[in-house]
>>> print(open('run_28.cif').read())   # mmCIF, N, CA and C atoms
data_protein
#
loop_
_atom_site.label_atom_id
_atom_site.label_comp_id
_atom_site.auth_asym_id
_atom_site.auth_seq_id
_atom_site.Cartn_x
_atom_site.Cartn_y
_atom_site.Cartn_z
N LYS A 1 0.83 49.87 -1.49
CA LYS A 1 1.16 48.60 -0.83
C LYS A 1 2.67 48.40 -0.84
N LEU A 2 3.14 47.60 0.10
CA LEU A 2 4.56 47.26 0.18
C LEU A 2 4.67 45.88 0.80
N ASN A 3 5.19 44.93 0.03
CA ASN A 3 5.42 43.58 0.52
C ASN A 3 6.91 43.27 0.43
N VAL A 4 7.47 42.77 1.51
CA VAL A 4 8.85 42.29 1.51
C VAL A 4 8.76 40.77 1.58
N ASP A 5 9.06 40.11 0.46
CA ASP A 5 8.91 38.65 0.37
C ASP A 5 10.08 37.90 0.99
N LYS A 6 11.27 38.45 0.86
CA LYS A 6 12.44 37.80 1.46
C LYS A 6 13.50 38.83 1.74
N PRO A 7 14.30 38.63 2.77
CA PRO A 7 14.24 37.56 3.76
C PRO A 7 13.17 37.85 4.80
N ALA A 8 12.87 36.87 5.62
CA ALA A 8 11.92 37.05 6.72
C ALA A 8 12.56 37.88 7.83
N ASP A 9 11.76 38.69 8.49
CA ASP A 9 12.26 39.45 9.63
C ASP A 9 12.75 38.47 10.69
N GLY A 10 13.94 38.70 11.21
CA GLY A 10 14.52 37.83 12.23
C GLY A 10 15.29 36.64 11.68
N ALA A 11 15.43 36.56 10.36
CA ALA A 11 16.15 35.43 9.75
C ALA A 11 17.60 35.39 10.21
N GLN A 12 18.16 34.18 10.25
CA GLN A 12 19.54 33.97 10.66
C GLN A 12 20.35 33.50 9.46
N PHE A 13 21.52 34.06 9.27
CA PHE A 13 22.41 33.66 8.18
C PHE A 13 23.78 33.33 8.78
N PHE A 14 24.41 32.28 8.23
CA PHE A 14 25.68 31.81 8.79
C PHE A 14 26.68 31.53 7.68
N GLY A 15 27.95 31.85 7.94
CA GLY A 15 29.03 31.47 7.04
C GLY A 15 29.16 32.35 5.82
N SER A 16 30.29 32.21 5.15
CA SER A 16 30.63 33.10 4.03
C SER A 16 29.67 32.96 2.85
N LYS A 17 29.06 31.79 2.66
CA LYS A 17 28.15 31.61 1.52
C LYS A 17 26.82 32.34 1.72
N GLN A 18 26.49 32.70 2.94
CA GLN A 18 25.24 33.41 3.22
C GLN A 18 25.45 34.87 3.59
N LYS A 19 26.69 35.37 3.41
CA LYS A 19 26.97 36.77 3.78
C LYS A 19 26.28 37.74 2.82
N GLN A 20 26.09 37.34 1.58
CA GLN A 20 25.41 38.18 0.59
C GLN A 20 23.96 37.72 0.51
N ILE A 21 23.01 38.64 0.74
CA ILE A 21 21.59 38.28 0.67
C ILE A 21 20.88 39.17 -0.34
N GLU A 22 19.67 38.76 -0.69
CA GLU A 22 18.82 39.54 -1.57
C GLU A 22 17.55 39.92 -0.81
N ILE A 23 17.23 41.20 -0.85
CA ILE A 23 15.97 41.68 -0.29
C ILE A 23 15.04 41.87 -1.49
N ALA A 24 13.89 41.21 -1.46
CA ALA A 24 12.99 41.25 -2.62
C ALA A 24 11.55 41.40 -2.15
N GLY A 25 10.75 42.02 -3.01
CA GLY A 25 9.34 42.20 -2.69
C GLY A 25 8.61 42.88 -3.83
N SER A 26 7.48 43.49 -3.48
CA SER A 26 6.68 44.18 -4.50
C SER A 26 5.99 45.39 -3.90
N THR A 27 5.64 46.31 -4.79
CA THR A 27 4.95 47.54 -4.41
C THR A 27 4.02 47.93 -5.55
N ASP A 28 3.34 49.04 -5.39
CA ASP A 28 2.45 49.51 -6.45
C ASP A 28 3.25 49.95 -7.66
N ASN A 29 2.71 49.69 -8.83
CA ASN A 29 3.35 50.10 -10.08
C ASN A 29 3.56 51.62 -10.07
N GLY A 30 4.75 52.07 -10.41
CA GLY A 30 5.06 53.49 -10.45
C GLY A 30 5.62 54.05 -9.16
N SER A 31 5.68 53.24 -8.12
CA SER A 31 6.23 53.70 -6.84
C SER A 31 7.74 53.62 -6.86
N GLN A 32 8.37 54.41 -6.00
CA GLN A 32 9.83 54.39 -5.85
C GLN A 32 10.16 53.66 -4.55
N ILE A 33 11.17 52.79 -4.61
CA ILE A 33 11.60 52.04 -3.43
C ILE A 33 12.99 52.51 -3.02
N THR A 34 13.17 52.69 -1.70
CA THR A 34 14.51 52.89 -1.15
C THR A 34 14.70 51.86 -0.04
N ILE A 35 15.92 51.36 0.06
CA ILE A 35 16.29 50.47 1.16
C ILE A 35 17.48 51.11 1.85
N ASN A 36 17.29 51.50 3.11
CA ASN A 36 18.30 52.26 3.86
C ASN A 36 18.77 53.47 3.05
N ASP A 37 17.83 54.19 2.48
CA ASP A 37 18.04 55.43 1.71
C ASP A 37 18.75 55.22 0.37
N ARG A 38 18.90 53.98 -0.08
CA ARG A 38 19.45 53.70 -1.41
C ARG A 38 18.31 53.42 -2.36
N VAL A 39 18.29 54.10 -3.50
CA VAL A 39 17.22 53.90 -4.48
C VAL A 39 17.39 52.54 -5.14
N VAL A 40 16.29 51.80 -5.21
CA VAL A 40 16.27 50.46 -5.79
C VAL A 40 15.35 50.48 -7.00
N SER A 41 15.77 49.87 -8.10
CA SER A 41 14.92 49.88 -9.29
C SER A 41 13.71 48.98 -9.10
N VAL A 42 12.58 49.42 -9.65
CA VAL A 42 11.32 48.70 -9.56
C VAL A 42 10.89 48.36 -10.98
N SER A 43 10.55 47.09 -11.22
CA SER A 43 10.13 46.68 -12.57
C SER A 43 8.72 47.18 -12.86
N ASP A 44 8.30 47.05 -14.10
CA ASP A 44 6.98 47.54 -14.53
C ASP A 44 5.84 46.89 -13.74
N ASP A 45 6.05 45.68 -13.25
CA ASP A 45 4.98 45.01 -12.49
C ASP A 45 5.10 45.25 -10.97
N GLY A 46 6.00 46.17 -10.56
CA GLY A 46 6.10 46.56 -9.16
C GLY A 46 7.06 45.73 -8.33
N LYS A 47 7.78 44.79 -8.95
CA LYS A 47 8.70 43.94 -8.18
C LYS A 47 10.08 44.62 -8.06
N PHE A 48 10.74 44.36 -6.94
CA PHE A 48 12.07 44.91 -6.72
C PHE A 48 12.95 43.87 -6.05
N SER A 49 14.26 44.01 -6.24
CA SER A 49 15.21 43.20 -5.49
C SER A 49 16.50 44.00 -5.32
N PHE A 50 17.19 43.72 -4.23
CA PHE A 50 18.39 44.47 -3.86
C PHE A 50 19.34 43.51 -3.17
N SER A 51 20.55 43.40 -3.67
CA SER A 51 21.56 42.54 -3.05
C SER A 51 22.44 43.37 -2.13
N THR A 52 22.77 42.79 -0.99
CA THR A 52 23.60 43.49 -0.03
C THR A 52 24.45 42.49 0.75
N THR A 53 25.52 42.97 1.31
CA THR A 53 26.41 42.15 2.12
C THR A 53 26.13 42.42 3.59
N LEU A 54 25.98 41.36 4.36
CA LEU A 54 25.67 41.50 5.78
C LEU A 54 26.92 41.75 6.61
N ASN A 55 26.75 42.47 7.70
CA ASN A 55 27.79 42.66 8.70
C ASN A 55 27.56 41.67 9.83
N GLU A 56 28.59 41.40 10.59
CA GLU A 56 28.48 40.51 11.75
C GLU A 56 27.43 41.06 12.73
N GLY A 57 26.56 40.20 13.23
CA GLY A 57 25.55 40.63 14.19
C GLY A 57 24.25 41.01 13.51
N GLY A 58 23.52 41.93 14.14
CA GLY A 58 22.22 42.36 13.61
C GLY A 58 22.38 43.35 12.47
N ASN A 59 21.57 43.17 11.43
CA ASN A 59 21.54 44.07 10.28
C ASN A 59 20.10 44.51 10.08
N THR A 60 19.85 45.82 10.20
CA THR A 60 18.50 46.35 10.07
C THR A 60 18.35 47.07 8.74
N PHE A 61 17.24 46.78 8.07
CA PHE A 61 16.95 47.39 6.78
C PHE A 61 15.59 48.06 6.84
N THR A 62 15.53 49.32 6.37
CA THR A 62 14.27 50.04 6.27
C THR A 62 13.91 50.14 4.79
N VAL A 63 12.79 49.52 4.44
CA VAL A 63 12.31 49.51 3.06
C VAL A 63 11.17 50.53 2.99
N LYS A 64 11.30 51.50 2.08
CA LYS A 64 10.32 52.57 1.97
C LYS A 64 9.80 52.66 0.54
N SER A 65 8.49 52.72 0.41
CA SER A 65 7.84 52.87 -0.89
C SER A 65 7.13 54.21 -0.92
N VAL A 66 7.36 55.00 -1.98
CA VAL A 66 6.70 56.29 -2.16
C VAL A 66 5.97 56.24 -3.50
N ASP A 67 4.64 56.46 -3.47
CA ASP A 67 3.88 56.41 -4.72
C ASP A 67 3.91 57.75 -5.43
N LEU A 68 3.28 57.81 -6.59
CA LEU A 68 3.31 59.02 -7.42
C LEU A 68 2.68 60.22 -6.72
N ALA A 69 1.76 60.00 -5.80
CA ALA A 69 1.11 61.09 -5.07
C ALA A 69 1.92 61.53 -3.85
N GLY A 70 3.04 60.84 -3.57
CA GLY A 70 3.88 61.21 -2.45
C GLY A 70 3.56 60.48 -1.16
N ASN A 71 2.60 59.55 -1.19
CA ASN A 71 2.28 58.75 0.00
C ASN A 71 3.38 57.73 0.23
N SER A 72 3.75 57.52 1.48
CA SER A 72 4.84 56.57 1.74
C SER A 72 4.41 55.50 2.73
N THR A 73 5.01 54.33 2.55
CA THR A 73 4.82 53.18 3.42
C THR A 73 6.21 52.66 3.76
N GLU A 74 6.43 52.29 5.02
CA GLU A 74 7.74 51.79 5.44
C GLU A 74 7.61 50.46 6.15
N LYS A 75 8.57 49.59 5.91
CA LYS A 75 8.67 48.34 6.66
C LYS A 75 10.12 48.21 7.08
N SER A 76 10.32 47.69 8.26
CA SER A 76 11.66 47.49 8.78
C SER A 76 11.86 46.02 9.08
N LEU A 77 13.05 45.50 8.78
CA LEU A 77 13.36 44.13 9.11
C LEU A 77 14.79 44.04 9.61
N THR A 78 15.00 43.09 10.48
CA THR A 78 16.33 42.85 11.03
C THR A 78 16.69 41.38 10.81
N VAL A 79 17.87 41.16 10.26
CA VAL A 79 18.39 39.80 10.10
C VAL A 79 19.72 39.73 10.83
N ASN A 80 20.10 38.53 11.21
CA ASN A 80 21.34 38.33 11.96
C ASN A 80 22.31 37.49 11.14
N TYR A 81 23.59 37.86 11.24
CA TYR A 81 24.63 37.13 10.51
C TYR A 81 25.75 36.78 11.48
N SER A 82 26.24 35.56 11.39
CA SER A 82 27.47 35.21 12.10
C SER A 82 28.33 34.34 11.20
N SER A 83 29.62 34.63 11.22
CA SER A 83 30.53 33.88 10.38
C SER A 83 30.88 32.59 11.08
#
>>> encode(input="run_28.cif", output="structure tokens")
Amino acid sequence: KLNVDKPADGAQFFGSKQKQIEIAGSTDNGSQITINDRVVSVSDDGKFSFSTTLNEGGNTFTVKSVDLAGNSTEKSLTVNYSS
């Protein structure tokens, strides 16, 4: 399983205080998460979070979960930022 709890796909962010966002969700215990090919740590209960800085315009993130057997699940989300 792979759930991305925040942010919502298509979310809009504005101004310098919203330039840094957190991508958070959950997956199966023991799975590995990558966001745009960066490895993200997963807690013992399967929760993960990743902070990133947005660029002007559309920002697309691919969240991928790979379980111990090598099965993978991917979700993609795009958020928009304007200063």
>>> resolve_selection(input="run_28.cif", expression="the PyMOL selection byres ((chain A and resi 1) around 8)", output="PyMOL selection string")
chain A and resi 2-4+26-29+65+67+72-74
>>> residues_around(input="run_28.cif", residues="Ala11 (chain A)", least_positions_apart="4", cutoff="6 Å", atoms="all atoms listed in the file", output="PyMOL selection string")
chain A and resi 78-80
>>> closest_residue(input="run_28.cif", among="A:Phe14, A:Ile33, A:Ile21, A:Thr52", to="Lys75 (chain A)", atoms="only C-alpha atoms")
A:Ile33
>>> atom_distance(input="run_28.cif", atom1="CA of Gln12 (chain A)", atom2="CA of Lys47 (chain A)")
23.9 Å
>>> atom_distance(input="run_28.cif", atom1="CA of Phe13 (chain A)", atom2="atom C of Phe61 (chain A)")
16.0 Å
>>> axis_aligned_box(input="run_28.cif", around="region 35-53 of chain A", padding_each_side="4 Å", output="lines of an AutoDock Vina configuration file")
center_x = 15.7
center_y = 48.8
center_z = -5.3
size_x = 29.4
size_y = 21.3
size_z = 26.4
>>> residues_around(input="run_28.cif", residues="Gln32 (chain A)", least_positions_apart="3", cutoff="8 Å", atoms="only C-alpha atoms", output="list in words")
Val39, Val40, Ser41, Val42, Ser65, Val66 and Asp67 of chain A
>>> residues_around(input="run_28.cif", residues="Asn55 (chain A)", least_positions_apart="2", cutoff="7 Å", atoms="only N, CA and C atoms", output="list of chain:residue names")
A:Lys19, A:Thr53, A:Gly57, A:Gly58, A:Asn59, A:Asn80, A:Tyr81, A:Ser82
>>> closest_residue(input="run_28.cif", among="A:Thr34, A:Ser83, A:Ser43, A:Gln20", to="Thr62 (chain A)", atoms="only C-alpha atoms")
A:Thr34
